[in-house]
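Participant: The structure under discussion is supplied below as structure tokens; questions concerning it will follow.
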Amino acid sequence: MAKIAEAAGVSKATLFKQFPTKAALFDAIVNASWRTGEGDEETPTPGDPRVGLTLIGRRYIALLTRPDMADLFRIVIAELPRFPELAESQFNCGNMPYFDSVRRYLEAERDAGTVVLDDPELAATQFLGMISNYAFWPRMLLPHWAPDDAAVERVVDEAMVARYAAA
């Protein structure tokens with residue numbers, strides 16, 4: 001919280017006064033962390049899964065590699081034993097809405113006949129997991145992990161090929 005207060009140019013006490021509870025403050029932080037402010041929450045138009053999944057994959061990497069995202073996950077993991085509701089809030093306010101948007105996009109592509117898949121939930125999990133396993137999770141232990149742009153583009157492309165090669 002000290003980092004957040006410092007970034008806002010206020011004391012921790014002032015920061016806490018703006019929210020009725022610590023949980024409300026944390027929910028605000030989670031929601032702000034998962035928003036990019038670029039209007040990119042729109043789901044791509046179905047019809048070309050390569051274009052749509054490339055856009056989604058690159059947005060996801062941009063989101064996960066923001067400097068504050070790994071810090072947020074570290075806080076949640078560190079505080080999980082004492083405050084399990086923080087993890088639930090992170091999951092419900094951040095992870096699930098993003099995951100659901102990818103699942104809905106894949107369902108739309110399936111309904112348009114552009115991909116063949118039986119389980120859109122599993123497909124979304126696999127696609128996002130392949131990306132986050134390369135671009136995000138190493139940063140949890142290696143704070144300076146920063147793959148170059150070519151590697152980032154390649155991981156998105158490979159995630160699509162691995163999952164949709166037959167599509």
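Residues are referred to by chain and number: the chain letter is A, B, ... according to the order shown in the structure tokens, the number counts from 1 in that chain, and ligands are numbered separately from 1 in the order shown.
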If we count only C-alpha atoms and set the cut-off at 9 Å, which residues sit around Gly57 in chain A, ignoring sequence neighbours fewer than 6 positions away in its own chain? Please answer as a PyMOL selection string.
Facilitator: chain A and resi 127-128+131+153+155-157+159-160
Participant: Under the rule that only C-alpha atoms are counted, which of A:Trp137, A:Phe19, A:Tyr105, A:Trp145 is the nearest residue to Glu121 in chain A?
Facilitator: A:Tyr105
Participant: Where does DSSP see alpha helix (DSSP H) in chain A, if you list the residues as a PyMOL selection string?
Facilitator: chain A and resi 2-8+12-17+22-34+49-64+67-79+84-90+96-112+120-135+137-141+149-164
Participant: List the neighbours of range 148-152 of chain A out to 8 Å using only C-alpha atoms; skip same-chain residues closer than 4 positions along the sequence, and give me the result as a list in words.
Facilitator: Arg58, Ile61, Ala135 and Val156 of chain A
Participant: For the selection just defined, write its residues with N, CA and C atoms to a file, as an mmCIF file, in the first residue's frame.
Facilitator:
data_model
loop_
_atom_site.group_PDB
_atom_site.id
_atom_site.type_symbol
_atom_site.label_atom_id
_atom_site.label_comp_id
_atom_site.auth_asym_id
_atom_site.auth_seq_id
_atom_site.Cartn_x
_atom_site.Cartn_y
_atom_site.Cartn_z
ATOM 1 N N ARG A 58 -1.812 -10.540 -27.830
ATOM 2 C CA ARG A 58 -0.911 -9.397 -27.631
ATOM 3 C C ARG A 58 -1.435 -8.455 -26.544
ATOM 4 N N ILE A 61 -0.535 -10.161 -23.233
ATOM 5 C CA ILE A 61 0.878 -9.971 -22.880
ATOM 6 C C ILE A 61 1.127 -8.545 -22.408
ATOM 7 N N ALA A 135 5.271 -15.381 -20.778
ATOM 8 C CA ALA A 135 5.426 -13.931 -20.645
ATOM 9 C C ALA A 135 5.254 -13.402 -19.228
ATOM 10 N N VAL A 156 2.743 -15.768 -28.999
ATOM 11 C CA VAL A 156 1.328 -15.672 -29.365
ATOM 12 C C VAL A 156 1.058 -16.522 -30.595
#
Participant: Please provide the set of residues having any atom within 12 Å of Leu86 in chain A, restricted to only C-alpha atoms, with same-chain residues fewer than 5 positions apart removed, written as a list of chain:residue names.
Facilitator: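 In the requested form, the answer reads A:Lys22, A:Ala23, A:Ala24, A:Leu25, A:Phe26, A:Asp27, A:Ala28, A:Ile29, A:Val30, A:Leu72, A:Phe73, A:Arg74, A:Ile75, A:Val76, A:Ile77, A:Ala78, A:Glu79, A:Leu80, A:Pro81, A:Phe91, A:Asn92, A:Cys93, A:Gly94.
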Participant: Give me the residues near Gln126 in chain A as a short mmCIF file (atom, residue, chain, number, x, y, z; two decimals) with all heavy atoms, in the first residue's frame, where near means some atom within 12 Å (using only C-alpha atoms) and where sequence neighbours in that chain fewer than 2 positions away do not count.
Facilitator:
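And here's part-v1.cif as it stands now:
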data_model
loop_
_atom_site.label_atom_id
_atom_site.label_comp_id
_atom_site.auth_asym_id
_atom_site.auth_seq_id
_atom_site.Cartn_x
_atom_site.Cartn_y
_atom_site.Cartn_z
N GLY A 57 -4.12 -12.18 -27.79
CA GLY A 57 -2.84 -12.62 -27.20
C GLY A 57 -1.90 -11.47 -26.93
O GLY A 57 -1.26 -11.41 -25.87
N PHE A 99 -10.72 -13.97 -18.80
CA PHE A 99 -10.90 -15.33 -19.28
C PHE A 99 -12.26 -15.48 -19.97
O PHE A 99 -12.36 -16.06 -21.05
CB PHE A 99 -10.78 -16.32 -18.12
CG PHE A 99 -11.23 -17.69 -18.47
CD1 PHE A 99 -10.39 -18.55 -19.15
CD2 PHE A 99 -12.50 -18.12 -18.13
CE1 PHE A 99 -10.80 -19.82 -19.50
CE2 PHE A 99 -12.92 -19.38 -18.48
CZ PHE A 99 -12.08 -20.24 -19.16
N VAL A 102 -12.37 -14.10 -23.48
CA VAL A 102 -11.70 -14.98 -24.46
C VAL A 102 -12.60 -16.17 -24.78
O VAL A 102 -12.75 -16.56 -25.94
CB VAL A 102 -10.31 -15.43 -23.95
CG1 VAL A 102 -9.67 -16.42 -24.91
CG2 VAL A 102 -9.42 -14.22 -23.74
N ARG A 103 -13.21 -16.75 -23.76
CA ARG A 103 -14.12 -17.88 -23.99
C ARG A 103 -15.27 -17.46 -24.90
O ARG A 103 -15.62 -18.17 -25.84
CB ARG A 103 -14.65 -18.40 -22.65
CG ARG A 103 -15.62 -19.58 -22.82
CD ARG A 103 -16.32 -19.96 -21.53
NE ARG A 103 -16.80 -18.85 -20.73
CZ ARG A 103 -17.91 -18.14 -21.00
NH1 ARG A 103 -18.65 -18.42 -22.06
NH2 ARG A 103 -18.27 -17.14 -20.22
N LEU A 106 -14.09 -17.20 -28.47
CA LEU A 106 -13.92 -18.52 -29.08
C LEU A 106 -15.27 -19.16 -29.40
O LEU A 106 -15.42 -19.83 -30.43
CB LEU A 106 -13.09 -19.43 -28.17
CG LEU A 106 -11.62 -19.03 -28.06
CD1 LEU A 106 -10.93 -19.83 -26.96
CD2 LEU A 106 -10.90 -19.19 -29.39
N ASP A 119 -14.88 -27.58 -26.43
CA ASP A 119 -14.88 -27.00 -25.10
C ASP A 119 -14.22 -25.63 -25.11
O ASP A 119 -13.00 -25.51 -24.92
CB ASP A 119 -14.13 -27.96 -24.15
CG ASP A 119 -14.27 -27.59 -22.70
OD1 ASP A 119 -14.64 -26.44 -22.39
OD2 ASP A 119 -13.98 -28.45 -21.85
N PRO A 120 -15.00 -24.56 -25.33
CA PRO A 120 -14.43 -23.21 -25.37
C PRO A 120 -13.72 -22.82 -24.08
O PRO A 120 -12.74 -22.08 -24.10
CB PRO A 120 -15.63 -22.31 -25.63
CG PRO A 120 -16.67 -23.20 -26.20
CD PRO A 120 -16.43 -24.56 -25.62
N GLU A 121 -14.19 -23.31 -22.95
CA GLU A 121 -13.56 -23.00 -21.67
C GLU A 121 -12.15 -23.57 -21.60
O GLU A 121 -11.20 -22.89 -21.23
CB GLU A 121 -14.41 -23.54 -20.52
CG GLU A 121 -13.91 -23.12 -19.16
CD GLU A 121 -14.90 -23.48 -18.08
OE1 GLU A 121 -16.12 -23.30 -18.27
OE2 GLU A 121 -14.44 -23.94 -17.03
N LEU A 122 -12.01 -24.82 -22.02
CA LEU A 122 -10.69 -25.45 -22.04
C LEU A 122 -9.79 -24.76 -23.05
O LEU A 122 -8.61 -24.50 -22.78
CB LEU A 122 -10.81 -26.94 -22.36
CG LEU A 122 -9.49 -27.70 -22.49
CD1 LEU A 122 -8.72 -27.68 -21.17
CD2 LEU A 122 -9.77 -29.14 -22.92
N ALA A 123 -10.34 -24.41 -24.21
CA ALA A 123 -9.54 -23.75 -25.24
C ALA A 123 -9.02 -22.39 -24.75
O ALA A 123 -7.86 -22.04 -24.96
CB ALA A 123 -10.36 -23.58 -26.52
N ALA A 124 -9.88 -21.62 -24.07
CA ALA A 124 -9.45 -20.32 -23.54
C ALA A 124 -8.37 -20.51 -22.49
O ALA A 124 -7.37 -19.78 -22.46
CB ALA A 124 -10.65 -19.58 -22.94
N LEU A 128 -4.59 -18.92 -23.12
CA LEU A 128 -4.04 -17.93 -22.19
C LEU A 128 -2.92 -18.52 -21.36
O LEU A 128 -1.94 -17.83 -21.04
CB LEU A 128 -5.15 -17.38 -21.29
CG LEU A 128 -6.23 -16.58 -22.02
CD1 LEU A 128 -7.34 -16.18 -21.04
CD2 LEU A 128 -5.66 -15.36 -22.71
N GLY A 129 -3.03 -19.79 -21.01
CA GLY A 129 -1.97 -20.44 -20.22
C GLY A 129 -0.66 -20.53 -20.97
O GLY A 129 0.41 -20.31 -20.38
N MET A 130 -0.72 -20.86 -22.25
CA MET A 130 0.53 -20.92 -23.03
C MET A 130 1.22 -19.57 -23.07
O MET A 130 2.44 -19.48 -23.01
CB MET A 130 0.23 -21.42 -24.45
CG MET A 130 -0.03 -22.90 -24.52
SD MET A 130 -0.22 -23.49 -26.22
CE MET A 130 -1.98 -23.37 -26.43
N ILE A 131 0.43 -18.52 -23.17
CA ILE A 131 1.00 -17.17 -23.23
C ILE A 131 1.55 -16.75 -21.87
O ILE A 131 2.69 -16.30 -21.75
CB ILE A 131 -0.05 -16.18 -23.74
CG1 ILE A 131 -0.37 -16.49 -25.22
CG2 ILE A 131 0.42 -14.74 -23.57
CD1 ILE A 131 -1.58 -15.76 -25.75
N SER A 132 0.75 -16.91 -20.82
CA SER A 132 1.19 -16.44 -19.50
C SER A 132 2.35 -17.26 -18.96
O SER A 132 3.18 -16.73 -18.22
CB SER A 132 0.03 -16.44 -18.50
OG SER A 132 -0.44 -17.74 -18.25
N ASN A 133 2.43 -18.52 -19.34
CA ASN A 133 3.54 -19.35 -18.87
C ASN A 133 4.88 -18.83 -19.38
O ASN A 133 5.90 -18.97 -18.70
CB ASN A 133 3.34 -20.80 -19.30
CG ASN A 133 4.26 -21.73 -18.54
OD1 ASN A 133 4.29 -21.70 -17.32
ND2 ASN A 133 5.01 -22.54 -19.26
N VAL A 156 2.74 -15.77 -29.00
CA VAL A 156 1.33 -15.67 -29.37
C VAL A 156 1.06 -16.52 -30.60
O VAL A 156 0.10 -17.30 -30.64
CB VAL A 156 0.91 -14.20 -29.59
CG1 VAL A 156 -0.50 -14.13 -30.17
CG2 VAL A 156 1.00 -13.41 -28.30
N GLU A 158 2.74 -19.10 -31.71
CA GLU A 158 2.88 -20.51 -31.37
C GLU A 158 1.70 -21.02 -30.56
O GLU A 158 1.29 -22.16 -30.71
CB GLU A 158 4.19 -20.76 -30.63
CG GLU A 158 5.42 -20.58 -31.48
CD GLU A 158 5.53 -21.62 -32.60
OE1 GLU A 158 5.15 -22.79 -32.37
OE2 GLU A 158 6.00 -21.24 -33.69
N ALA A 159 1.15 -20.19 -29.69
CA ALA A 159 -0.03 -20.59 -28.91
C ALA A 159 -1.20 -20.85 -29.84
O ALA A 159 -1.95 -21.82 -29.65
CB ALA A 159 -0.38 -19.52 -27.88
N MET A 160 -1.36 -20.03 -30.87
CA MET A 160 -2.44 -20.26 -31.84
C MET A 160 -2.21 -21.53 -32.63
O MET A 160 -3.12 -22.34 -32.79
CB MET A 160 -2.55 -19.08 -32.80
CG MET A 160 -3.21 -17.89 -32.19
SD MET A 160 -3.51 -16.61 -33.40
CE MET A 160 -1.88 -16.28 -34.00
N VAL A 161 -1.00 -21.70 -33.12
CA VAL A 161 -0.69 -22.89 -33.93
C VAL A 161 -0.85 -24.15 -33.11
O VAL A 161 -1.45 -25.13 -33.57
CB VAL A 161 0.74 -22.79 -34.52
CG1 VAL A 161 1.16 -24.10 -35.14
CG2 VAL A 161 0.79 -21.66 -35.55
N ALA A 162 -0.36 -24.12 -31.88
CA ALA A 162 -0.46 -25.31 -31.02
C ALA A 162 -1.90 -25.68 -30.77
O ALA A 162 -2.25 -26.87 -30.74
CB ALA A 162 0.26 -25.06 -29.70
N ARG A 163 -2.75 -24.72 -30.60
CA ARG A 163 -4.15 -25.01 -30.24
C ARG A 163 -5.04 -25.18 -31.47
O ARG A 163 -5.99 -25.95 -31.44
CB ARG A 163 -4.68 -23.87 -29.35
CG ARG A 163 -6.09 -24.08 -28.84
CD ARG A 163 -6.14 -25.35 -27.98
NE ARG A 163 -7.42 -25.60 -27.41
CZ ARG A 163 -8.37 -26.32 -28.00
NH1 ARG A 163 -8.21 -26.82 -29.19
NH2 ARG A 163 -9.51 -26.53 -27.39
N TYR A 164 -4.76 -24.47 -32.55
CA TYR A 164 -5.69 -24.42 -33.68
C TYR A 164 -5.07 -24.85 -34.99
O TYR A 164 -5.55 -24.47 -36.05
CB TYR A 164 -6.27 -23.00 -33.82
CG TYR A 164 -6.97 -22.58 -32.56
CD1 TYR A 164 -6.36 -21.73 -31.67
CD2 TYR A 164 -8.21 -23.11 -32.23
CE1 TYR A 164 -6.99 -21.37 -30.48
CE2 TYR A 164 -8.83 -22.78 -31.06
CZ TYR A 164 -8.21 -21.90 -30.19
OH TYR A 164 -8.83 -21.57 -29.03
#
Participant: For Thr45 in chain A, please output as a list of chain:residue names all residues within 9 Å (counting only C-alpha atoms; exclusion window: fewer than 3 positions along the same chain).
Facilitator: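 Those residues are A:Glu42, A:Asp48, A:Gly52, A:Tyr105, A:Ala108, A:Glu109.
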